[in-house]
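Novice: My structure file my_file.cif, mmCIF, C-alpha atoms and all ligand atoms, is below:
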data_run
#
loop_
_atom_site.label_atom_id
_atom_site.label_comp_id
_atom_site.auth_asym_id
_atom_site.auth_seq_id
_atom_site.Cartn_x
_atom_site.Cartn_y
_atom_site.Cartn_z
CA MET A 1 -27.67 89.84 57.81
CA ARG A 2 -27.26 89.74 54.07
CA ALA A 3 -27.76 86.25 52.59
CA ASP A 4 -28.28 86.94 48.86
CA TRP A 5 -25.06 85.14 47.99
CA PRO A 6 -22.93 86.25 45.00
CA ASN A 7 -23.77 84.91 41.51
CA ASN A 8 -27.18 83.73 42.70
CA ALA A 9 -25.64 80.96 44.75
CA ARG A 10 -28.15 79.19 47.00
CA THR A 11 -25.74 78.63 49.83
CA ALA A 12 -22.35 79.81 51.03
CA ILE A 13 -19.99 77.12 52.27
CA SER A 14 -16.81 77.60 54.29
CA LEU A 15 -14.34 74.75 54.69
CA THR A 16 -12.27 75.43 57.80
CA PHE A 17 -9.26 73.61 59.24
CA ASP A 18 -7.88 73.94 62.75
CA VAL A 19 -4.14 73.34 62.47
CA ASP A 20 -3.60 72.62 66.16
CA ALA A 21 -0.66 70.23 65.73
CA GLU A 22 1.38 69.83 68.94
CA SER A 23 0.02 73.01 70.54
CA GLY A 24 -3.39 71.38 71.05
CA TRP A 25 -1.88 68.87 73.46
CA LEU A 26 0.79 71.06 75.09
CA GLY A 27 -1.85 73.70 75.82
CA GLU A 28 -4.02 71.10 77.51
CA ASP A 29 -1.24 69.74 79.72
CA PRO A 30 2.54 70.43 79.66
CA ALA A 31 3.08 66.75 80.55
CA TYR A 32 2.26 65.95 76.93
CA LYS A 33 5.81 67.01 76.03
CA ASP A 34 6.92 63.45 76.86
CA ARG A 35 3.96 61.68 75.27
CA LEU A 36 5.61 60.94 71.98
CA SER A 37 2.84 58.92 70.40
CA THR A 38 0.25 61.66 70.88
CA LEU A 39 2.68 64.32 69.67
CA SER A 40 3.61 62.24 66.64
CA GLU A 41 -0.04 62.00 65.59
CA ALA A 42 -0.27 65.79 65.88
CA ARG A 43 2.81 66.18 63.72
CA TYR A 44 1.39 63.77 61.16
CA GLY A 45 -1.30 66.36 60.53
CA ILE A 46 1.36 68.75 59.30
CA THR A 47 3.56 66.34 57.39
CA ARG A 48 0.93 64.06 55.81
CA GLY A 49 -2.55 65.48 56.37
CA LEU A 50 -1.95 69.05 55.30
CA PRO A 51 -0.45 68.30 51.86
CA ARG A 52 -3.42 66.04 51.07
CA ILE A 53 -5.85 68.77 52.11
CA LEU A 54 -4.07 71.41 50.05
CA SER A 55 -4.02 69.27 46.94
CA THR A 56 -7.73 68.44 47.32
CA LEU A 57 -8.59 72.14 47.66
CA ALA A 58 -6.37 73.00 44.69
CA LYS A 59 -8.06 70.33 42.56
CA HIS A 60 -11.44 71.98 43.21
CA ASP A 61 -10.03 75.52 43.13
CA ILE A 62 -11.54 76.28 46.54
CA LYS A 63 -10.04 78.68 49.09
CA ALA A 64 -10.44 77.72 52.74
CA THR A 65 -9.76 79.20 56.16
CA PHE A 66 -7.05 77.68 58.34
CA TYR A 67 -7.00 78.56 62.04
CA VAL A 68 -3.44 78.34 63.30
CA PRO A 69 -2.11 78.68 66.87
CA GLY A 70 1.00 80.88 67.07
CA TYR A 71 3.08 78.01 68.47
CA THR A 72 2.18 75.87 65.45
CA ALA A 73 3.22 78.70 63.12
CA GLU A 74 6.61 78.94 64.86
CA LEU A 75 7.17 75.18 64.89
CA HIS A 76 6.01 74.53 61.32
CA ARG A 77 6.77 77.81 59.61
CA ASP A 78 7.21 76.45 56.09
CA ALA A 79 3.95 74.50 56.19
CA ILE A 80 1.97 77.55 57.34
CA LYS A 81 3.67 79.76 54.76
CA ARG A 82 2.64 77.28 52.09
CA ILE A 83 -1.02 77.48 53.16
CA ALA A 84 -0.95 81.27 52.79
CA ALA A 85 1.03 81.11 49.54
CA GLU A 86 -1.71 78.94 48.02
CA GLY A 87 -4.22 81.72 48.64
CA HIS A 88 -5.99 80.45 51.75
CA GLU A 89 -6.93 82.58 54.72
CA ILE A 90 -5.04 82.18 58.01
CA GLY A 91 -7.06 82.89 61.15
CA HIS A 92 -6.03 83.27 64.79
CA HIS A 93 -6.34 80.19 67.04
CA GLY A 94 -4.52 81.28 70.20
CA TYR A 95 -0.83 80.83 70.84
CA LEU A 96 -0.52 77.57 72.77
CA HIS A 97 -4.16 76.61 72.20
CA LEU A 98 -5.04 77.48 75.84
CA ARG A 99 -8.74 77.19 76.58
CA SER A 100 -10.11 80.61 77.48
CA ASP A 101 -12.28 79.25 80.29
CA GLY A 102 -9.23 77.96 82.17
CA ALA A 103 -6.98 80.98 81.55
CA THR A 104 -6.51 84.17 83.56
CA GLU A 105 -7.09 87.53 81.92
CA ALA A 106 -3.31 88.01 81.60
CA GLN A 107 -2.92 84.57 80.00
CA GLN A 108 -5.75 85.29 77.59
CA ARG A 109 -4.10 88.55 76.58
CA GLU A 110 -0.81 86.78 76.04
CA GLU A 111 -2.51 84.12 73.91
CA ILE A 112 -4.01 86.80 71.66
CA GLU A 113 -0.91 88.98 71.40
CA ARG A 114 1.70 86.22 71.01
CA GLY A 115 -0.58 84.40 68.57
CA THR A 116 -0.91 87.47 66.39
CA ALA A 117 2.82 88.21 66.54
CA ALA A 118 3.70 84.66 65.46
CA LEU A 119 1.28 84.78 62.51
CA VAL A 120 2.53 88.19 61.41
CA GLN A 121 6.09 86.94 61.55
CA THR A 122 5.20 83.83 59.56
CA ILE A 123 2.90 85.13 56.82
CA GLY A 124 3.38 88.90 57.06
CA GLN A 125 -0.32 89.55 57.65
CA THR A 126 -2.46 90.30 60.69
CA PRO A 127 -5.38 87.89 61.00
CA ILE A 128 -8.87 89.45 61.00
CA GLY A 129 -10.66 86.34 62.26
CA TYR A 130 -10.43 84.36 65.48
CA ARG A 131 -11.47 80.88 66.54
CA SER A 132 -11.07 80.03 70.20
CA PRO A 133 -9.24 76.84 71.18
CA SER A 134 -11.78 74.08 71.87
CA TRP A 135 -14.50 76.67 71.16
CA GLU A 136 -14.34 77.97 74.72
CA LEU A 137 -14.77 81.72 74.87
CA THR A 138 -15.36 84.10 77.78
CA PRO A 139 -16.49 87.75 78.00
CA ILE A 140 -12.80 88.66 78.44
CA THR A 141 -11.99 86.96 75.13
CA LEU A 142 -14.61 89.08 73.38
CA GLN A 143 -13.23 92.23 74.97
CA LEU A 144 -9.74 91.32 73.75
CA LEU A 145 -10.98 90.63 70.22
CA ARG A 146 -12.59 94.08 70.09
CA GLU A 147 -9.51 95.74 71.56
CA HIS A 148 -7.33 94.10 68.92
CA GLY A 149 -9.61 94.99 66.05
CA PHE A 150 -10.78 91.55 64.95
CA THR A 151 -13.58 91.53 62.36
CA TYR A 152 -15.13 88.19 63.21
CA ASP A 153 -15.13 85.20 65.54
CA SER A 154 -15.95 81.59 64.70
CA SER A 155 -16.46 79.73 68.00
CA LEU A 156 -20.09 80.11 69.09
CA MET A 157 -23.30 78.22 68.42
CA GLY A 158 -26.07 80.76 69.09
CA ASP A 159 -27.49 80.54 65.56
CA ASP A 160 -26.79 78.63 62.38
CA ARG A 161 -26.53 81.82 60.36
CA PRO A 162 -23.92 84.58 60.70
CA TYR A 163 -24.88 86.97 63.50
CA LEU A 164 -23.61 90.01 65.34
CA LEU A 165 -22.03 90.07 68.79
CA GLY A 166 -22.88 93.53 70.08
CA ASN A 167 -22.81 95.82 67.08
CA ASP A 168 -19.29 95.36 65.83
CA LEU A 169 -18.11 91.74 65.88
CA ILE A 170 -19.45 89.18 63.38
CA GLU A 171 -20.00 85.62 64.56
CA LEU A 172 -19.67 82.83 61.98
CA PRO A 173 -21.12 80.00 64.03
CA VAL A 174 -19.92 76.41 64.29
CA HIS A 175 -21.27 73.16 65.68
CA TRP A 176 -19.75 70.00 67.15
CA SER A 177 -21.84 67.80 64.86
CA LEU A 178 -20.06 69.27 61.80
CA ASP A 179 -16.57 68.92 63.30
CA ASP A 180 -14.46 65.87 62.36
CA TRP A 181 -12.84 65.65 65.81
CA PRO A 182 -15.73 64.23 67.89
CA HIS A 183 -16.62 61.80 65.12
CA LEU A 184 -13.24 60.57 63.94
CA HIS A 185 -10.61 61.23 66.58
CA TRP A 186 -9.74 58.76 69.30
CA LYS A 187 -7.77 59.44 72.45
CA PRO A 188 -6.70 56.64 74.78
CA GLY A 189 -8.65 56.57 78.02
CA ARG A 190 -11.24 59.17 77.07
CA GLY A 191 -13.99 56.81 76.04
CA ASP A 192 -14.17 58.05 72.43
CA ALA A 193 -15.38 55.87 69.60
CA PHE A 194 -14.82 56.23 65.88
CA THR A 195 -17.77 57.00 63.63
CA ALA A 196 -17.76 55.26 60.26
CA PRO A 197 -16.55 57.80 57.67
CA GLU A 198 -19.70 57.22 55.60
CA ALA A 199 -21.92 58.11 58.55
CA PHE A 200 -20.02 61.33 59.08
CA LEU A 201 -20.30 62.26 55.41
CA ASP A 202 -24.03 61.65 55.71
CA THR A 203 -24.21 64.11 58.64
CA TRP A 204 -22.33 66.72 56.61
CA LEU A 205 -24.64 66.27 53.62
CA LYS A 206 -27.83 66.40 55.71
CA GLU A 207 -26.74 69.76 57.12
CA PHE A 208 -25.91 70.93 53.63
CA GLU A 209 -29.46 70.03 52.49
CA SER A 210 -30.87 72.07 55.35
CA ALA A 211 -28.60 75.05 54.65
CA HIS A 212 -29.52 74.80 50.98
CA GLN A 213 -33.25 74.90 51.77
CA GLU A 214 -32.78 77.91 53.99
CA ARG A 215 -30.19 79.62 51.75
CA ARG A 216 -27.81 80.04 54.63
CA HIS A 217 -24.08 80.00 55.20
CA LEU A 218 -22.56 76.79 56.54
CA THR A 219 -19.19 76.13 58.17
CA TYR A 220 -17.50 72.71 58.24
CA THR A 221 -14.64 72.21 60.71
CA MET A 222 -11.76 69.79 60.24
CA HIS A 223 -8.33 68.95 61.64
CA PRO A 224 -5.42 67.83 59.41
CA GLU A 225 -4.46 64.87 61.64
CA VAL A 226 -8.07 63.64 61.57
CA ILE A 227 -9.44 64.27 58.06
CA GLY A 228 -5.98 64.00 56.46
CA ARG A 229 -5.65 60.22 56.99
CA GLY A 230 -5.42 58.26 53.74
CA HIS A 231 -8.91 56.79 53.83
CA ARG A 232 -10.62 59.97 55.06
CA ILE A 233 -9.31 62.67 52.73
CA ALA A 234 -11.77 61.28 50.16
CA LEU A 235 -14.58 62.58 52.38
CA ILE A 236 -13.72 66.18 51.54
CA ASP A 237 -13.49 65.32 47.88
CA ARG A 238 -16.89 63.61 47.95
CA LEU A 239 -18.48 66.36 50.02
CA ILE A 240 -17.43 68.97 47.46
CA ASP A 241 -18.52 66.81 44.51
CA GLU A 242 -21.93 66.09 46.04
CA ILE A 243 -22.52 69.73 46.93
CA LYS A 244 -21.54 70.91 43.45
CA GLN A 245 -23.88 68.37 41.86
CA ARG A 246 -26.84 69.42 43.99
CA ALA A 247 -26.66 73.20 43.84
CA ASP A 248 -24.87 76.38 42.89
CA VAL A 249 -22.93 77.25 45.98
CA TRP A 250 -20.41 79.88 46.89
CA PHE A 251 -17.32 78.32 48.48
CA ALA A 252 -15.85 81.18 50.46
CA THR A 253 -13.31 81.86 53.18
CA HIS A 254 -14.57 83.21 56.47
CA ALA A 255 -12.98 86.58 55.65
CA ASP A 256 -14.98 86.71 52.39
CA VAL A 257 -18.22 85.78 54.14
CA ALA A 258 -17.64 88.32 56.93
CA ALA A 259 -17.06 91.05 54.34
CA PHE A 260 -20.13 90.05 52.32
CA VAL A 261 -22.72 89.76 55.09
CA THR A 262 -22.01 93.30 56.26
CA SER A 263 -21.63 94.85 52.79
ZN ZN B 301 -8.00 73.80 67.94
#
What is this structure when it is put down as structure tokens?
Ligand SMILES: [Zn+2]
Specialist:
Amino acid sequence: MRADWPNNARTAISLTFDVDAESGWLGEDPAYKDRLSTLSEARYGITRGLPRILSTLAKHDIKATFYVPGYTAELHRDAIKRIAAEGHEIGHHGYLHLRSDGATEAQQREEIERGTAALVQTIGQTPIGYRSPSWELTPITLQLLREHGFTYDSSLMGDDRPYLLGNDLIELPVHWSLDDWPHLHWKPGRGDAFTAPEAFLDTWLKEFESAHQERRHLTYTMHPEVIGRGHRIALIDRLIDEIKQRADVWFATHADVAAFVTS
């Protein structure tokens, strides 16, 4: 696929944010509806994390891609409208963040169709990109994406460059090591441990160096309740500053990258 990035940029970088909020937990287990502490942390992502993220992106004049479950769009309509109003891309992230591998075909269809309807109602636009909840995706999911005319997916790890699924769907790959959740999120009873923010920034920058050498596209994945904490938002700021100092890069939304690599 095309990798001669615009304006002679060495690398294309996409900053992506999964705005799961409460849907991430309710989709995992309906019993979370009474777990107020967990739900309050999810909500914090919307009320405190998201504004910090948006102001950091505005400061650097960078447009990002936000993957939003339909339920989140319905519950936090104004916040999601604001993301779109500031020029960022909104992608599909299911309806109730149900993992595809645990859902029936009918449930998967409902997740896609209700998710799209909620986004259209909120921002007045049909998403062209999809990211599966928890990056679990089945052959049925791919069939549904084709049926509903999606341009790209961002859930798989089969390469570290954009690639094609079949001959019509673009994959913009991801990886757990570049996702803030496994490094910086902690859930009681799950055996997680926090990584020091500096160590995580180092991981991000090492992957940037590699992408820069190979002139490839690179996707970073974040969650507002994780990266939007007071002491962590600086990581995005520093990542962008470091990248800009080291090279000419093209910061681009996933929609922009998907359009470019097939142009
Ligand atoms: Zn998610």
Novice: Enumerate as a list in words the residues within 6 Å of ligand ZN 301 (chain B), counting only C-alpha atoms and all ligand atoms.
Specialist: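 Written in the requested form, the residues are Asp18, Asp20, Pro133 and Ser134 of chain A.
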Novice: Enter the distance from CA of Glu89 (chain A) to CA of Glu28 (chain A), in Å, rounded to one decimal.
Specialist: 25.7 Å
Novice: Calculate, to one decimal in Å, the centre and edge lengths of the box along x, y and z of the file that holds all listed atoms of region 166-170 of chain A with 5 Å of margin on each side, and present them as AutoDock Vina command-line options.
Specialist:
--center_x -20.5 --center_y 92.5 --center_z 66.7 --size_x 14.8 --size_y 16.6 --size_z 16.7
Novice: Dig up all the protein and nucleic acid residues within 10 Å of (-7.3, 67.0, 73.1) in the file frame, using all atoms listed in the file, and format them as a PyMOL selection string.
Specialist: chain A and resi 20+23-29+38+134+181+185-187+190
Novice: Would you work out the distance separating CA of Gly115 (chain A) from CA of Leu178 (chain A), expressed in Å to one decimal?
Specialist: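 These atoms are spaced 25.6 Å apart.
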Novice: Please list as an NGL selection string every residue within 12 Å of Leu96 (chain A), counting all atoms listed in the file and excluding residues in the same chain fewer than 3 positions away.
Specialist: :A and (19-30 or 68-75 or 92-93 or 99-100 or 103 or 107-108 or 110-116 or 118 or 132-134)
Novice: Hey, could you patch up region 57-89 of chain A with N, CA and C atoms and hand it over as a PDB file, keeping the file's coordinate frame?
Specialist:
ATOM      1  N   LEU A  57      -8.019  70.803  47.856  1.00  0.00           N
ATOM      2  CA  LEU A  57      -8.590  72.140  47.660  1.00  0.00           C
ATOM      3  C   LEU A  57      -8.140  72.726  46.316  1.00  0.00           C
ATOM      4  N   ALA A  58      -6.876  72.485  45.961  1.00  0.00           N
ATOM      5  CA  ALA A  58      -6.370  73.000  44.690  1.00  0.00           C
ATOM      6  C   ALA A  58      -7.103  72.358  43.515  1.00  0.00           C
ATOM      7  N   LYS A  59      -7.351  71.054  43.632  1.00  0.00           N
ATOM      8  CA  LYS A  59      -8.060  70.330  42.560  1.00  0.00           C
ATOM      9  C   LYS A  59      -9.430  70.957  42.296  1.00  0.00           C
ATOM     10  N   HIS A  60     -10.101  71.387  43.366  1.00  0.00           N
ATOM     11  CA  HIS A  60     -11.440  71.980  43.210  1.00  0.00           C
ATOM     12  C   HIS A  60     -11.395  73.503  43.106  1.00  0.00           C
ATOM     13  N   ASP A  61     -10.205  74.056  43.177  1.00  0.00           N
ATOM     14  CA  ASP A  61     -10.030  75.520  43.130  1.00  0.00           C
ATOM     15  C   ASP A  61     -10.884  76.214  44.200  1.00  0.00           C
ATOM     16  N   ILE A  62     -10.788  75.717  45.419  1.00  0.00           N
ATOM     17  CA  ILE A  62     -11.540  76.280  46.540  1.00  0.00           C
ATOM     18  C   ILE A  62     -10.552  76.861  47.553  1.00  0.00           C
ATOM     19  N   LYS A  63     -10.859  78.074  48.029  1.00  0.00           N
ATOM     20  CA  LYS A  63     -10.040  78.680  49.090  1.00  0.00           C
ATOM     21  C   LYS A  63     -10.725  78.426  50.437  1.00  0.00           C
ATOM     22  N   ALA A  64      -9.911  78.079  51.424  1.00  0.00           N
ATOM     23  CA  ALA A  64     -10.440  77.720  52.740  1.00  0.00           C
ATOM     24  C   ALA A  64      -9.833  78.623  53.805  1.00  0.00           C
ATOM     25  N   THR A  65     -10.322  78.455  55.031  1.00  0.00           N
ATOM     26  CA  THR A  65      -9.760  79.200  56.160  1.00  0.00           C
ATOM     27  C   THR A  65      -9.081  78.221  57.111  1.00  0.00           C
ATOM     28  N   PHE A  66      -7.835  78.521  57.432  1.00  0.00           N
ATOM     29  CA  PHE A  66      -7.050  77.680  58.340  1.00  0.00           C
ATOM     30  C   PHE A  66      -6.787  78.460  59.620  1.00  0.00           C
ATOM     31  N   TYR A  67      -7.239  77.923  60.750  1.00  0.00           N
ATOM     32  CA  TYR A  67      -7.000  78.560  62.040  1.00  0.00           C
ATOM     33  C   TYR A  67      -5.742  77.950  62.661  1.00  0.00           C
ATOM     34  N   VAL A  68      -4.774  78.830  62.925  1.00  0.00           N
ATOM     35  CA  VAL A  68      -3.440  78.340  63.300  1.00  0.00           C
ATOM     36  C   VAL A  68      -2.975  78.956  64.626  1.00  0.00           C
ATOM     37  N   PRO A  69      -2.711  78.142  65.652  1.00  0.00           N
ATOM     38  CA  PRO A  69      -2.110  78.680  66.870  1.00  0.00           C
ATOM     39  C   PRO A  69      -0.696  79.216  66.579  1.00  0.00           C
ATOM     40  N   GLY A  70      -0.312  80.276  67.288  1.00  0.00           N
ATOM     41  CA  GLY A  70       1.000  80.880  67.070  1.00  0.00           C
ATOM     42  C   GLY A  70       2.145  79.877  67.230  1.00  0.00           C
ATOM     43  N   TYR A  71       2.028  79.000  68.226  1.00  0.00           N
ATOM     44  CA  TYR A  71       3.080  78.010  68.470  1.00  0.00           C
ATOM     45  C   TYR A  71       3.236  77.078  67.255  1.00  0.00           C
ATOM     46  N   THR A  72       2.123  76.718  66.669  1.00  0.00           N
ATOM     47  CA  THR A  72       2.180  75.870  65.450  1.00  0.00           C
ATOM     48  C   THR A  72       2.880  76.620  64.318  1.00  0.00           C
ATOM     49  N   ALA A  73       2.583  77.915  64.190  1.00  0.00           N
ATOM     50  CA  ALA A  73       3.220  78.700  63.120  1.00  0.00           C
ATOM     51  C   ALA A  73       4.734  78.759  63.327  1.00  0.00           C
ATOM     52  N   GLU A  74       5.161  78.872  64.587  1.00  0.00           N
ATOM     53  CA  GLU A  74       6.610  78.940  64.860  1.00  0.00           C
ATOM     54  C   GLU A  74       7.285  77.588  64.624  1.00  0.00           C
ATOM     55  N   LEU A  75       6.576  76.521  64.988  1.00  0.00           N
ATOM     56  CA  LEU A  75       7.170  75.180  64.890  1.00  0.00           C
ATOM     57  C   LEU A  75       7.164  74.656  63.455  1.00  0.00           C
ATOM     58  N   HIS A  76       6.171  75.070  62.689  1.00  0.00           N
ATOM     59  CA  HIS A  76       6.010  74.530  61.320  1.00  0.00           C
ATOM     60  C   HIS A  76       5.882  75.683  60.336  1.00  0.00           C
ATOM     61  N   ARG A  77       6.864  76.560  60.367  1.00  0.00           N
ATOM     62  CA  ARG A  77       6.770  77.810  59.610  1.00  0.00           C
ATOM     63  C   ARG A  77       6.563  77.579  58.113  1.00  0.00           C
ATOM     64  N   ASP A  78       7.318  76.650  57.542  1.00  0.00           N
ATOM     65  CA  ASP A  78       7.210  76.450  56.090  1.00  0.00           C
ATOM     66  C   ASP A  78       5.824  75.940  55.689  1.00  0.00           C
ATOM     67  N   ALA A  79       5.281  75.044  56.510  1.00  0.00           N
ATOM     68  CA  ALA A  79       3.950  74.500  56.190  1.00  0.00           C
ATOM     69  C   ALA A  79       2.898  75.596  56.230  1.00  0.00           C
ATOM     70  N   ILE A  80       2.981  76.481  57.216  1.00  0.00           N
ATOM     71  CA  ILE A  80       1.970  77.550  57.340  1.00  0.00           C
ATOM     72  C   ILE A  80       2.158  78.579  56.224  1.00  0.00           C
ATOM     73  N   LYS A  81       3.420  78.851  55.892  1.00  0.00           N
ATOM     74  CA  LYS A  81       3.670  79.760  54.760  1.00  0.00           C
ATOM     75  C   LYS A  81       3.072  79.199  53.474  1.00  0.00           C
ATOM     76  N   ARG A  82       3.179  77.895  53.315  1.00  0.00           N
ATOM     77  CA  ARG A  82       2.640  77.280  52.090  1.00  0.00           C
ATOM     78  C   ARG A  82       1.121  77.456  52.010  1.00  0.00           C
ATOM     79  N   ILE A  83       0.440  77.300  53.156  1.00  0.00           N
ATOM     80  CA  ILE A  83      -1.020  77.480  53.160  1.00  0.00           C
ATOM     81  C   ILE A  83      -1.364  78.874  52.639  1.00  0.00           C
ATOM     82  N   ALA A  84      -0.666  79.878  53.188  1.00  0.00           N
ATOM     83  CA  ALA A  84      -0.950  81.270  52.790  1.00  0.00           C
ATOM     84  C   ALA A  84      -0.565  81.496  51.330  1.00  0.00           C
ATOM     85  N   ALA A  85       0.567  80.904  50.922  1.00  0.00           N
ATOM     86  CA  ALA A  85       1.030  81.110  49.540  1.00  0.00           C
ATOM     87  C   ALA A  85       0.043  80.534  48.530  1.00  0.00           C
ATOM     88  N   GLU A  86      -0.728  79.526  48.947  1.00  0.00           N
ATOM     89  CA  GLU A  86      -1.710  78.940  48.020  1.00  0.00           C
ATOM     90  C   GLU A  86      -3.037  79.689  48.048  1.00  0.00           C
ATOM     91  N   GLY A  87      -3.055  80.829  48.735  1.00  0.00           N
ATOM     92  CA  GLY A  87      -4.220  81.720  48.640  1.00  0.00           C
ATOM     93  C   GLY A  87      -5.279  81.514  49.708  1.00  0.00           C
ATOM     94  N   HIS A  88      -5.007  80.684  50.699  1.00  0.00           N
ATOM     95  CA  HIS A  88      -5.990  80.450  51.750  1.00  0.00           C
ATOM     96  C   HIS A  88      -5.855  81.494  52.848  1.00  0.00           C
ATOM     97  N   GLU A  89      -6.942  81.631  53.606  1.00  0.00           N
ATOM     98  CA  GLU A  89      -6.930  82.580  54.720  1.00  0.00           C
ATOM     99  C   GLU A  89      -6.345  81.903  55.972  1.00  0.00           C
TER     100      GLU A  89
END
